>>> print(open('structure-v5.pdb').read())   # PDB, C-alpha atoms and all ligand atoms
ATOM      1  CA  MET A   1      42.280  -2.426  -0.778
ATOM      2  CA  ASN A   2      40.392  -1.749  -3.932
ATOM      3  CA  GLU A   3      37.098  -0.904  -2.230
ATOM      4  CA  SER A   4      34.644   1.951  -2.637
ATOM      5  CA  GLU A   5      31.322   2.907  -1.031
ATOM      6  CA  HIS A   6      28.343   4.491  -2.744
ATOM      7  CA  GLN A   7      24.813   5.458  -1.917
ATOM      8  CA  ALA A   8      22.150   3.499  -3.815
ATOM      9  CA  ARG A   9      18.401   2.919  -3.909
ATOM     10  CA  VAL A  10      16.855  -0.494  -3.435
ATOM     11  CA  VAL A  11      14.465  -1.104  -6.346
ATOM     12  CA  GLU A  12      13.684  -4.804  -5.860
ATOM     13  CA  CYS A  13      14.278  -7.408  -3.142
ATOM     14  CA  PHE A  14      14.587 -11.181  -3.282
ATOM     15  CA  GLY A  15      15.394 -12.096   0.307
ATOM     16  CA  ARG A  16      19.124 -11.458   0.827
ATOM     17  CA  ARG A  17      19.608 -10.526  -2.825
ATOM     18  CA  VAL A  18      18.549  -7.086  -3.980
ATOM     19  CA  ILE A  19      18.637  -4.921  -7.080
ATOM     20  CA  VAL A  20      19.880  -1.401  -6.437
ATOM     21  CA  GLU A  21      19.951   1.700  -8.580
ATOM     22  CA  ILE A  22      23.199   3.680  -8.458
ATOM     23  CA  ALA A  23      23.877   7.350  -9.237
ATOM     24  CA  THR A  24      24.079   6.719 -13.000
ATOM     25  CA  HIS A  25      20.547   5.165 -12.806
ATOM     26  CA  GLU A  26      22.161   1.855 -13.702
ATOM     27  CA  ARG A  27      20.582  -1.132 -11.919
ATOM     28  CA  ILE A  28      22.904  -3.719 -10.429
ATOM     29  CA  ALA A  29      22.614  -6.824  -8.251
ATOM     30  CA  ALA A  30      23.829  -6.648  -4.659
ATOM     31  CA  GLU A  31      23.728  -8.780  -1.528
ATOM     32  CA  MET A  32      22.956  -7.929   2.061
ATOM     33  CA  PHE A  33      26.059  -7.881   4.263
ATOM     34  CA  GLY A  34      25.519  -9.891   7.436
ATOM     35  CA  LYS A  35      22.368 -11.572   8.677
ATOM     36  CA  ARG A  36      20.989  -8.721  10.757
ATOM     37  CA  LEU A  37      20.679  -6.185   8.001
ATOM     38  CA  ALA A  38      17.342  -6.132   6.155
ATOM     39  CA  CYS A  39      15.925  -3.739   3.608
ATOM     40  CA  VAL A  40      12.811  -3.245   1.505
ATOM     41  CA  CYS A  41      11.997  -1.703  -1.832
ATOM     42  CA  GLY A  42      12.573   2.051  -1.717
ATOM     43  CA  ASP A  43      15.325   1.969   0.887
ATOM     44  CA  GLU A  44      18.326   4.249   0.586
ATOM     45  CA  VAL A  45      21.424   2.180   1.307
ATOM     46  CA  ARG A  46      25.206   2.292   1.193
ATOM     47  CA  ILE A  47      26.844  -0.351  -0.923
ATOM     48  CA  ARG A  48      30.460  -1.451  -0.820
ATOM     49  CA  SER A  49      32.046  -2.605  -4.050
ATOM     50  CA  SER A  50      35.438  -4.086  -4.581
ATOM     51  CA  LYS A  51      37.231  -3.965  -7.888
ATOM     52  CA  ASP A  52      37.964  -7.691  -7.711
ATOM     53  CA  LEU A  53      36.310  -9.357 -10.632
ATOM     54  CA  GLY A  54      33.313 -11.467  -9.678
ATOM     55  CA  ASP A  55      32.708  -9.763  -6.340
ATOM     56  CA  VAL A  56      29.074  -8.807  -5.795
ATOM     57  CA  PRO A  57      28.526  -5.378  -4.162
ATOM     58  CA  ARG A  58      27.360  -5.626  -0.539
ATOM     59  CA  VAL A  59      24.688  -3.532   1.160
ATOM     60  CA  VAL A  60      26.473  -2.478   4.341
ATOM     61  CA  GLU A  61      24.031   0.092   5.757
ATOM     62  CA  VAL A  62      20.343   1.002   5.469
ATOM     63  CA  LEU A  63      19.978   4.792   5.792
ATOM     64  CA  PRO A  64      17.245   6.344   7.993
ATOM     65  CA  ARG A  65      13.789   6.036   6.438
ATOM     66  CA  ARG A  66      11.497   9.000   5.796
ATOM     67  CA  SER A  67       8.548   6.614   6.004
ATOM     68  CA  LEU A  68       7.890   2.909   6.281
ATOM     69  CA  PHE A  69       4.776   1.168   5.031
ATOM     70  CA  ALA A  70       4.214  -2.223   6.653
ATOM     71  CA  ARG A  71       1.631  -4.902   7.336
ATOM     72  CA  THR A  72       0.853  -7.337  10.129
ATOM     73  CA  ASP A  73       0.963 -11.009   9.293
ATOM     74  CA  SER A  74      -1.439 -13.547  10.804
ATOM     75  CA  ARG A  75       0.906 -14.056  13.759
ATOM     76  CA  GLY A  76       0.956 -10.410  14.721
ATOM     77  CA  ARG A  77       4.428  -9.746  13.332
ATOM     78  CA  THR A  78       5.203  -6.555  11.449
ATOM     79  CA  GLU A  79       6.413  -7.076   7.896
ATOM     80  CA  PRO A  80       7.862  -3.973   6.196
ATOM     81  CA  LEU A  81       6.635  -3.584   2.608
ATOM     82  CA  ALA A  82       8.218  -0.391   1.233
ATOM     83  CA  ALA A  83      10.320   2.512   2.496
ATOM     84  CA  ASN A  84      10.427   6.239   1.744
ATOM     85  CA  LEU A  85       6.979   6.441   0.166
ATOM     86  CA  SER A  86       5.216   9.771   0.011
ATOM     87  CA  LEU A  87       1.921   8.424  -1.377
ATOM     88  CA  LEU A  88      -0.078   5.211  -1.231
ATOM     89  CA  ALA A  89      -2.469   4.754  -4.171
ATOM     90  CA  VAL A  90      -5.127   2.167  -3.403
ATOM     91  CA  ILE A  91      -6.703   0.773  -6.568
ATOM     92  CA  ILE A  92     -10.242  -0.552  -6.772
ATOM     93  CA  ALA A  93     -12.110  -1.786  -9.834
ATOM     94  CA  PRO A  94     -15.586  -3.132 -10.648
ATOM     95  CA  GLU A  95     -13.925  -6.480 -11.290
ATOM     96  CA  PRO A  96     -12.678  -8.583  -9.573
ATOM     97  CA  GLU A  97     -15.447  -8.330  -6.953
ATOM     98  CA  PRO A  98     -14.212  -5.577  -4.613
ATOM     99  CA  ASP A  99     -13.689  -6.067  -0.894
ATOM    100  CA  PRO A 100     -13.907  -2.469   0.385
ATOM    101  CA  PHE A 101     -12.761  -3.524   3.857
ATOM    102  CA  ILE A 102      -9.301  -4.202   2.412
ATOM    103  CA  THR A 103      -9.287  -0.752   0.801
ATOM    104  CA  ASP A 104     -10.313   0.845   4.118
ATOM    105  CA  ARG A 105      -7.438  -0.846   5.917
ATOM    106  CA  TYR A 106      -4.913   0.191   3.262
ATOM    107  CA  LEU A 107      -6.040   3.803   3.530
ATOM    108  CA  ALA A 108      -5.864   3.554   7.325
ATOM    109  CA  GLY A 109      -2.411   1.938   7.136
ATOM    110  CA  ALA A 110      -1.150   4.886   5.098
ATOM    111  CA  ALA A 111      -2.514   7.363   7.649
ATOM    112  CA  PHE A 112      -0.888   5.485  10.556
ATOM    113  CA  ALA A 113       2.455   5.603   8.699
ATOM    114  CA  ASN A 114       2.043   9.337   7.935
ATOM    115  CA  ILE A 115       1.850   8.668   4.227
ATOM    116  CA  ALA A 116      -0.671  10.525   2.045
ATOM    117  CA  SER A 117      -3.177   8.362   0.178
ATOM    118  CA  LEU A 118      -5.645   8.398  -2.664
ATOM    119  CA  VAL A 119      -8.129   6.034  -4.265
ATOM    120  CA  ILE A 120      -7.795   5.077  -7.928
ATOM    121  CA  VAL A 121     -10.926   3.681  -9.559
ATOM    122  CA  ASN A 122      -9.628   1.615 -12.478
ATOM    123  CA  LYS A 123     -11.542   0.031 -15.382
ATOM    124  CA  ALA A 124     -13.806   3.080 -15.273
ATOM    125  CA  GLU A 125     -15.093   2.225 -18.748
ATOM    126  CA  LEU A 126     -16.798  -0.824 -17.171
ATOM    127  CA  GLN A 127     -18.430   1.162 -14.405
ATOM    128  CA  SER A 128     -21.716   1.999 -16.122
ATOM    129  CA  ALA A 129     -22.292  -1.714 -16.680
ATOM    130  CA  SER A 130     -21.121  -2.664 -13.201
ATOM    131  CA  SER A 131     -23.245  -3.118 -10.127
ATOM    132  CA  GLU A 132     -24.902  -0.347  -8.205
ATOM    133  CA  ARG A 133     -22.915  -1.610  -5.223
ATOM    134  CA  PHE A 134     -19.636  -0.559  -6.850
ATOM    135  CA  GLY A 135     -20.859   3.005  -7.429
ATOM    136  CA  LEU A 136     -21.886   3.227  -3.779
ATOM    137  CA  ILE A 137     -18.448   2.061  -2.637
ATOM    138  CA  VAL A 138     -16.770   4.770  -4.718
ATOM    139  CA  ASP A 139     -19.160   7.394  -3.272
ATOM    140  CA  GLU A 140     -18.264   6.299   0.254
ATOM    141  CA  TYR A 141     -14.610   7.224  -0.331
ATOM    142  CA  ARG A 142     -15.524  10.605  -1.774
ATOM    143  CA  HIS A 143     -17.807  11.333   1.192
ATOM    144  CA  ALA A 144     -15.176  10.223   3.691
ATOM    145  CA  GLY A 145     -12.882  12.886   2.233
ATOM    146  CA  PHE A 146     -10.432  10.889   0.101
ATOM    147  CA  ASP A 147      -9.160  12.013  -3.303
ATOM    148  CA  VAL A 148     -10.651   9.708  -5.937
ATOM    149  CA  PHE A 149      -9.274   9.364  -9.493
ATOM    150  CA  ALA A 150     -11.319   7.402 -12.026
ATOM    151  CA  LEU A 151      -9.452   6.095 -15.091
ATOM    152  CA  SER A 152      -8.871   3.172 -17.422
ATOM    153  CA  ALA A 153      -5.288   1.967 -17.144
ATOM    154  CA  LYS A 154      -5.542   0.575 -20.677
ATOM    155  CA  ASP A 155      -6.440   4.009 -22.107
ATOM    156  CA  ASN A 156      -3.476   6.362 -21.834
ATOM    157  CA  SER A 157      -5.528   9.557 -22.299
ATOM    158  CA  THR A 158      -7.483   8.851 -19.080
ATOM    159  CA  VAL A 159      -4.236   8.421 -17.118
ATOM    160  CA  GLU A 160      -2.897  11.932 -17.843
ATOM    161  CA  PRO A 161      -4.341  13.767 -14.767
ATOM    162  CA  LEU A 162      -2.905  11.058 -12.502
ATOM    163  CA  ARG A 163       0.501  11.360 -14.157
ATOM    164  CA  GLU A 164       0.550  15.039 -13.171
ATOM    165  CA  MET A 165      -0.535  14.229  -9.636
ATOM    166  CA  LEU A 166       2.236  11.617  -9.154
ATOM    167  CA  ARG A 167       5.063  13.748 -10.524
ATOM    168  CA  ASP A 168       7.877  14.057  -7.966
ATOM    169  CA  LYS A 169       6.196  11.685  -5.533
ATOM    170  CA  ALA A 170       7.214   8.185  -4.478
ATOM    171  CA  THR A 171       3.980   6.242  -4.903
ATOM    172  CA  MET A 172       3.159   2.628  -4.181
ATOM    173  CA  LEU A 173       0.231   0.978  -5.975
ATOM    174  CA  VAL A 174      -1.669  -1.499  -3.827
ATOM    175  CA  GLY A 175      -4.946  -3.348  -4.071
ATOM    176  CA  GLN A 176      -6.537  -6.707  -4.671
ATOM    177  CA  SER A 177      -5.061  -8.964  -7.306
ATOM    178  CA  GLY A 178      -6.393  -8.165 -10.785
ATOM    179  CA  VAL A 179      -7.403  -4.512 -10.235
ATOM    180  CA  GLY A 180      -4.775  -3.344 -12.741
ATOM    181  CA  LYS A 181      -1.703  -2.289 -10.742
ATOM    182  CA  SER A 182       0.776  -3.697 -13.257
ATOM    183  CA  THR A 183      -1.198  -2.412 -16.247
ATOM    184  CA  LEU A 184      -1.125   1.082 -14.739
ATOM    185  CA  THR A 185       2.587   0.739 -13.934
ATOM    186  CA  ASN A 186       3.275  -0.059 -17.591
ATOM    187  CA  GLN A 187       1.284   2.995 -18.635
ATOM    188  CA  LEU A 188       3.036   5.380 -16.218
ATOM    189  CA  ALA A 189       6.521   3.851 -16.468
ATOM    190  CA  PRO A 190       6.708   2.064 -19.847
ATOM    191  CA  ALA A 191      10.281   0.881 -19.247
ATOM    192  CA  SER A 192       9.014  -1.261 -16.372
ATOM    193  CA  ALA A 193       7.532  -3.858 -18.776
ATOM    194  CA  ARG A 194       5.579  -5.482 -15.967
ATOM    195  CA  ALA A 195       3.800  -8.734 -16.690
ATOM    196  CA  THR A 196       0.041  -8.333 -16.348
ATOM    197  CA  ARG A 197      -2.395 -11.039 -15.601
ATOM    198  CA  GLU A 198      -4.308 -12.733 -18.354
ATOM    199  CA  LEU A 199      -6.862 -15.314 -17.375
ATOM    200  CA  SER A 200      -6.204 -18.563 -19.170
ATOM    201  CA  ASP A 201      -9.461 -19.915 -20.564
ATOM    202  CA  SER A 202      -8.981 -23.519 -19.566
ATOM    203  CA  SER A 203      -8.235 -23.126 -15.881
ATOM    204  CA  ARG A 204      -9.294 -19.540 -15.091
ATOM    205  CA  GLU A 205      -6.083 -19.473 -13.101
ATOM    206  CA  GLY A 206      -4.228 -16.192 -13.260
ATOM    207  CA  ARG A 207      -0.968 -16.292 -15.160
ATOM    208  CA  HIS A 208       1.740 -13.642 -15.098
ATOM    209  CA  THR A 209       0.687 -12.395 -11.718
ATOM    210  CA  THR A 210       3.133 -10.023 -10.091
ATOM    211  CA  VAL A 211       5.417 -11.762  -7.619
ATOM    212  CA  SER A 212       7.759  -9.008  -6.478
ATOM    213  CA  THR A 213       7.559  -5.439  -5.274
ATOM    214  CA  ALA A 214       9.605  -3.229  -7.588
ATOM    215  CA  LEU A 215      10.332   0.472  -8.058
ATOM    216  CA  PHE A 216      10.333   2.281 -11.414
ATOM    217  CA  ARG A 217      10.960   5.870 -12.495
ATOM    218  CA  MET A 218       8.285   7.693 -14.432
ATOM    219  CA  PRO A 219       9.713   9.557 -17.450
ATOM    220  CA  HIS A 220       7.965  12.799 -16.460
ATOM    221  CA  GLY A 221       9.150  12.588 -12.854
ATOM    222  CA  GLY A 222       8.258  10.578  -9.796
ATOM    223  CA  GLU A 223       8.758   7.006  -8.681
ATOM    224  CA  LEU A 224       6.253   4.196  -8.823
ATOM    225  CA  ILE A 225       6.234   0.938  -6.883
ATOM    226  CA  ASP A 226       4.191  -1.982  -8.202
ATOM    227  CA  SER A 227       3.352  -4.691  -5.692
ATOM    228  CA  PRO A 228       1.894  -8.183  -5.804
ATOM    229  CA  GLY A 229      -1.841  -8.484  -5.259
ATOM    230  CA  VAL A 230      -3.091  -9.420  -1.824
ATOM    231  CA  ARG A 231      -5.948 -11.379  -0.337
ATOM    232  CA  ASP A 232      -5.924  -9.230   2.765
ATOM    233  CA  TYR A 233      -4.145  -6.370   4.482
ATOM    234  CA  ALA A 234      -3.855  -5.353   8.131
ATOM    235  CA  PRO A 235      -1.686  -2.483   9.373
ATOM    236  CA  PRO A 236       0.912  -2.927  12.126
ATOM    237  CA  LEU A 237      -0.508  -3.281  15.660
ATOM    238  CA  LEU A 238      -2.024  -0.163  17.192
ATOM    239  CA  GLU A 239      -3.601   1.075  20.396
ATOM    240  CA  ASP A 240      -7.429   1.239  20.374
ATOM    241  CA  ALA A 241      -7.405   5.036  20.583
ATOM    242  CA  THR A 242      -5.168   5.385  17.504
ATOM    243  CA  ILE A 243      -7.373   3.427  15.116
ATOM    244  CA  GLN A 244      -9.740   6.347  14.460
ATOM    245  CA  PHE A 245      -6.836   8.210  12.803
ATOM    246  CA  GLY A 246      -7.375   5.875   9.834
ATOM    247  CA  TRP A 247     -10.975   7.080   9.364
ATOM    248  CA  PRO A 248     -11.008  10.838   8.590
ATOM    249  CA  GLU A 249     -14.815  11.074   8.838
ATOM    250  CA  ILE A 250     -14.750   9.527  12.345
ATOM    251  CA  LEU A 251     -11.836  11.652  13.527
ATOM    252  CA  LYS A 252     -13.716  14.770  12.428
ATOM    253  CA  LEU A 253     -16.743  13.897  14.593
ATOM    254  CA  ALA A 254     -14.804  12.717  17.652
ATOM    255  CA  PRO A 255     -14.593  16.178  19.314
ATOM    256  CA  GLN A 256     -18.422  16.171  19.488
ATOM    257  CA  CYS A 257     -18.544  12.955  21.551
ATOM    258  CA  ARG A 258     -19.465  13.309  25.238
ATOM    259  CA  PHE A 259     -16.247  11.652  26.419
ATOM    260  CA  ASN A 260     -12.921  12.828  25.103
ATOM    261  CA  ASN A 261     -11.542   9.267  25.231
ATOM    262  CA  CYS A 262     -14.557   7.891  23.350
ATOM    263  CA  LEU A 263     -13.733   4.838  21.192
ATOM    264  CA  HIS A 264     -17.118   5.122  19.424
ATOM    265  CA  LEU A 265     -18.158   1.578  20.298
ATOM    266  CA  ARG A 266     -21.001   1.698  22.862
ATOM    267  CA  GLU A 267     -20.390   4.930  24.729
ATOM    268  CA  PRO A 268     -23.372   7.202  25.513
ATOM    269  CA  GLY A 269     -23.432  10.545  23.712
ATOM    270  CA  CYS A 270     -21.189   9.280  20.886
ATOM    271  CA  ALA A 271     -21.427  11.525  17.807
ATOM    272  CA  VAL A 272     -19.959   8.806  15.583
ATOM    273  CA  ILE A 273     -22.570   6.184  16.510
ATOM    274  CA  ASP A 274     -25.278   8.827  15.906
ATOM    275  CA  ALA A 275     -23.816   9.768  12.516
ATOM    276  CA  ALA A 276     -23.573   6.137  11.407
ATOM    277  CA  SER A 277     -27.131   5.348  12.479
ATOM    278  CA  THR A 278     -28.496   8.343  10.540
ATOM    279  CA  LYS A 279     -26.197   7.522   7.571
ATOM    280  CA  GLN A 280     -24.471  10.884   7.850
ATOM    281  CA  ILE A 281     -21.312   8.765   7.615
ATOM    282  CA  SER A 282     -21.223   5.389   5.888
ATOM    283  CA  PRO A 283     -22.424   2.631   8.240
ATOM    284  CA  ARG A 284     -20.211   0.216   6.299
ATOM    285  CA  ARG A 285     -17.103   2.354   6.893
ATOM    286  CA  TYR A 286     -18.027   2.594  10.586
ATOM    287  CA  GLU A 287     -18.375  -1.202  10.669
ATOM    288  CA  SER A 288     -14.957  -1.388   9.052
ATOM    289  CA  TYR A 289     -13.484   0.744  11.854
ATOM    290  CA  LYS A 290     -14.917  -1.630  14.473
ATOM    291  CA  ARG A 291     -13.649  -4.634  12.534
ATOM    292  CA  LEU A 292     -10.096  -3.316  12.519
ATOM    293  CA  MET A 293     -10.310  -2.750  16.269
ATOM    294  CA  ASN A 294     -11.376  -6.380  16.678
ATOM    295  CA  ILE A 295      -8.578  -7.588  14.421
ATOM    296  CA  MET A 296      -6.024  -5.579  16.411
ATOM    297  CA  ARG A 297      -7.355  -6.843  19.750
ATOM    298  CA  GLY A 298      -7.251 -10.397  18.398
ATOM    299  CA  LEU A 299      -3.681 -10.070  17.131
ATOM    300  CA  ALA A 300      -2.292  -8.413  20.244
ATOM    301  CA  PRO A 301      -2.338 -11.653  22.341
ATOM    302  CA  GLU A 302      -0.584 -13.485  19.472
ATOM    303  CA  TYR A 303       2.028 -10.791  19.492
ATOM    304  CA  GLU A 304       2.456 -10.901  23.287
ATOM    305  CA  ARG A 305       2.869 -14.690  23.213
ATOM    306  CA  ARG A 306       5.684 -14.397  20.738
ATOM    307  CA  ARG A 307       7.743 -11.933  22.761
TER     308      ARG A 307
HETATM  309  N1  LIG B   1     -11.363  -3.506 -18.987
HETATM  310  C1  LIG B   1     -10.221  -3.141 -18.422
HETATM  311  N2  LIG B   1      -9.360  -4.097 -18.048
HETATM  312  C2  LIG B   1      -8.206  -3.711 -17.465
HETATM  313  C3  LIG B   1      -7.892  -2.343 -17.239
HETATM  314  N3  LIG B   1      -6.695  -2.279 -16.622
HETATM  315  C4  LIG B   1      -6.274  -3.574 -16.465
HETATM  316  N4  LIG B   1      -7.173  -4.442 -16.984
HETATM  317  C5  LIG B   1      -7.076  -5.912 -17.042
HETATM  318  O1  LIG B   1      -7.188  -6.460 -15.726
HETATM  319  C6  LIG B   1      -6.399  -7.645 -15.621
HETATM  320  C7  LIG B   1      -5.468  -7.560 -14.416
HETATM  321  O2  LIG B   1      -4.517  -6.540 -14.643
HETATM  322  P1  LIG B   1      -3.123  -6.495 -13.867
HETATM  323  O3  LIG B   1      -2.466  -5.210 -14.257
HETATM  324  O4  LIG B   1      -2.325  -7.744 -14.053
HETATM  325  O5  LIG B   1      -3.638  -6.434 -12.350
HETATM  326  P2  LIG B   1      -2.775  -6.490 -11.001
HETATM  327  O6  LIG B   1      -2.929  -7.889 -10.474
HETATM  328  O7  LIG B   1      -3.430  -5.498 -10.085
HETATM  329  O8  LIG B   1      -1.370  -6.134 -11.335
HETATM  330  C8  LIG B   1      -5.643  -7.776 -16.941
HETATM  331  O9  LIG B   1      -6.325  -8.718 -17.752
HETATM  332  C9  LIG B   1      -5.729  -6.387 -17.536
HETATM  333  O10 LIG B   1      -5.655  -6.393 -18.938
HETATM  334  C10 LIG B   1      -8.851  -1.345 -17.668
HETATM  335  O11 LIG B   1      -8.665  -0.139 -17.515
HETATM  336  N5  LIG B   1      -9.997  -1.823 -18.227
HETATM  337 MG    MG B   2       0.370  -7.149 -10.973
HETATM  338 ZN    ZN B   3     -17.652   8.587  20.064
END
>>> encode(input="structure-v5.pdb", output="structure tokens", more="lines below")
Ligand SMILES: Nc1nc2c(ncn2[C@@H]2O[C@H](COP(=O)(O)OP(=O)(O)O)[C@@H](O)[C@H]2O)c(=O)[nH]1
Ligand SMILES: [Mg+2]
Ligand SMILES: [Zn+2]
Amino acid sequence: MNESEHQARVVECFGRRVIVEIATHERIAAEMFGKRLACVCGDEVRIRSSKDLGDVPRVVEVLPRRSLFARTDSRGRTEPLAANLSLLAVIIAPEPEPDPFITDRYLAGAAFANIASLVIVNKAELQSASSERFGLIVDEYRHAGFDVFALSAKDNSTVEPLREMLRDKATMLVGQSGVGKSTLTNQLAPASARATRELSDSSREGRHTTVSTALFRMPHGGELIDSPGVRDYAPPLLEDATIQFGWPEILKLAPQCRFNNCLHLREPGCAVIDAASTKQISPRRYESYKRLMNIMRGLAPEYERRR
């Protein structure tokens, strides 16, 4: 038989069809072998090629993942989004109108998956003209202890410090549609040539919005994954007591609560409730923590029903 096996990296997925990068950095089309095998962008896989002309290489094995970033869909099912990430960069911008609760849940999702995270404030050149509300949102992330990078994806000179930071990391860019993920991808990995959204005047409908998750190499080192915009994000299902691990400022106060199993909801002697009511931590971020707990409790029965 004229067959050979190689290790490869999944850089884009279209259902059963995938694009993989092989050792020469060449990108080739491949197909999943068998119905049970599934992979996501960033996966390390083994592909089997045959020398027969016209035969598409098959992905025959997905290698163990160093990390897996996933979401929960509305039915409580876990949907993997990307594998082997070392950093999740959550982008916010003064426009479109930010929903900080989505950003909170992304940051929490990274923590639950043991992936480092940071906040990128894009379109920084618009910030002075933007609402006071936006400035307060950015401050909340700084106070909660997250790394915050402000830049303008359209202005290469402002991107330089981030480029350094992302070197030798595998980073996924996430955030609401229109915050500038694809624009930043083009700046950091010019070969990616990602389509960015332009609003057409007649309909105000977005054109050229990103439809697939895809991995690119940055010329100075590091890998970057651009992803389609989302309307919402919820992490995979969690126990009540685990949710606080997504809120560093809450986790820090938890040892001061009267009860060591405190969920910071209504318990007496709760240091987190005290801190939120005196604005020592952001009341909105605390609200966000309680919201995620409600979402998780609401999804759990859906999930149980499906088993
Ligand atoms: N003013 C300004 N606009 C930007 C900046 N970065 C991106 N945009 C614009 O924001 C819109 C959405 O960008 P895009 O990269 O498609 O966003 P995505 O949906 O997150 O991938 C496009 O019209 C971009 O030109 C920036 O730094 N400043
Ligand atoms: Mg995009
Ligand atoms: Zn408490």
>>> closest_atom_pairs(input="structure-v5.pdb", of="chain A", to="ligand MG 2 (chain B)", cutoff="9 Å", atoms="all atoms listed in the file", output="tab-separated table")
residue	atom	partner	partner_atom	distance
A:Ser177	CA	B:MG2	MG	6.8
A:Gly178	CA	B:MG2	MG	6.8
A:Val179	CA	B:MG2	MG	8.2
A:Gly180	CA	B:MG2	MG	6.6
A:Lys181	CA	B:MG2	MG	5.3
A:Ser182	CA	B:MG2	MG	4.2
A:Thr183	CA	B:MG2	MG	7.3
A:Thr185	CA	B:MG2	MG	8.7
A:Arg194	CA	B:MG2	MG	7.4
A:Ala195	CA	B:MG2	MG	6.9
A:Thr196	CA	B:MG2	MG	5.5
A:Arg197	CA	B:MG2	MG	6.6
A:His208	CA	B:MG2	MG	7.8
A:Thr209	CA	B:MG2	MG	5.3
A:Thr210	CA	B:MG2	MG	4.1
A:Val211	CA	B:MG2	MG	7.6
A:Ser212	CA	B:MG2	MG	8.8
A:Asp226	CA	B:MG2	MG	7.0
A:Ser227	CA	B:MG2	MG	6.5
A:Pro228	CA	B:MG2	MG	5.5
A:Gly229	CA	B:MG2	MG	6.3
>>> residues_near_point(input="structure-v5.pdb", point="(6.9, 9.5, 0.8)", cutoff="8 Å", atoms="all atoms listed in the file", output="ChimeraX atom specification")
/A:66-67,83-87,115-116,169-171
>>> write_last_selection(input="structure-v5.pdb", atoms="C-alpha atoms", output="PDB file, in the coordinates of the input")
ATOM      1  CA  ARG A  66      11.497   9.000   5.796  1.00  0.00           C
ATOM      2  CA  SER A  67       8.548   6.614   6.004  1.00  0.00           C
ATOM      3  CA  ALA A  83      10.320   2.512   2.496  1.00  0.00           C
ATOM      4  CA  ASN A  84      10.427   6.239   1.744  1.00  0.00           C
ATOM      5  CA  LEU A  85       6.979   6.441   0.166  1.00  0.00           C
ATOM      6  CA  SER A  86       5.216   9.771   0.011  1.00  0.00           C
ATOM      7  CA  LEU A  87       1.921   8.424  -1.377  1.00  0.00           C
ATOM      8  CA  ILE A 115       1.850   8.668   4.227  1.00  0.00           C
ATOM      9  CA  ALA A 116      -0.671  10.525   2.045  1.00  0.00           C
ATOM     10  CA  LYS A 169       6.196  11.685  -5.533  1.00  0.00           C
ATOM     11  CA  ALA A 170       7.214   8.185  -4.478  1.00  0.00           C
ATOM     12  CA  THR A 171       3.980   6.242  -4.903  1.00  0.00           C
TER      13      THR A 171
END
>>> resolve_selection(input="structure-v5.pdb", expression="the PyMOL selection byres (((chain A and resi 158) around 12) and not hetatm)", output="VMD selection string")
chain A and resid 120 to 125 149 to 157 159 to 164 184 187 to 188
>>> closest_residue(input="structure-v5.pdb", among="A:Leu118, A:Ile92, A:Leu292, A:Val60", to="ligand LIG 1 (chain B)", atoms="all atoms listed in the file")
A:Ile92
>>> closest_residue(input="structure-v5.pdb", among="A:Met296, A:Ala89, A:Ala113, A:Ile250", to="Ala276 (chain A)", atoms="all atoms listed in the file")
A:Ile250
>>> axis_aligned_box(input="structure-v5.pdb", around="region 34-45 of chain A", padding_each_side="3 Å", output="JSON")
{"center_x": 18.8, "center_y": -3.7, "center_z": 4.5, "size_x": 19.5, "size_y": 21.8, "size_z": 18.6}
>>> atom_distance(input="structure-v5.pdb", atom1="CA of Pro98 (chain A)", atom2="atom O11 of ligand LIG 1 (chain B)")
15.1 Å
>>> decode(input="structure-v5.pdb", residues="region 125-133 of chain A", atoms="N, CA and C atoms", output="CSV table (one decimal), in the first residue's frame")
chain,number,residue,atom,x,y,z
A,125,GLU,N,-9.1,55.1,19.6
A,125,GLU,CA,-9.1,56.5,19.1
A,125,GLU,C,-10.5,57.1,19.2
A,126,LEU,N,-11.5,56.2,19.4
A,126,LEU,CA,-12.9,56.7,19.5
A,126,LEU,C,-13.3,56.9,20.9
A,127,GLN,N,-12.4,56.5,21.9
A,127,GLN,CA,-12.8,56.4,23.2
A,127,GLN,C,-13.2,57.7,23.9
A,128,SER,N,-12.4,58.8,23.5
A,128,SER,CA,-12.6,60.1,24.2
A,128,SER,C,-14.0,60.6,23.8
A,129,ALA,N,-14.4,60.2,22.6
A,129,ALA,CA,-15.8,60.7,22.1
A,129,ALA,C,-16.9,59.8,22.6
A,130,SER,N,-16.5,58.6,23.1
A,130,SER,CA,-17.5,57.6,23.4
A,130,SER,C,-18.1,57.9,24.8
A,131,SER,N,-19.1,57.1,25.2
A,131,SER,CA,-19.8,57.4,26.4
A,131,SER,C,-19.0,57.2,27.6
A,132,GLU,N,-19.4,57.8,28.7
A,132,GLU,CA,-18.8,57.6,30.0
A,132,GLU,C,-19.0,56.2,30.4
A,133,ARG,N,-20.1,55.6,30.0
A,133,ARG,CA,-20.4,54.2,30.4
A,133,ARG,C,-19.2,53.2,29.9
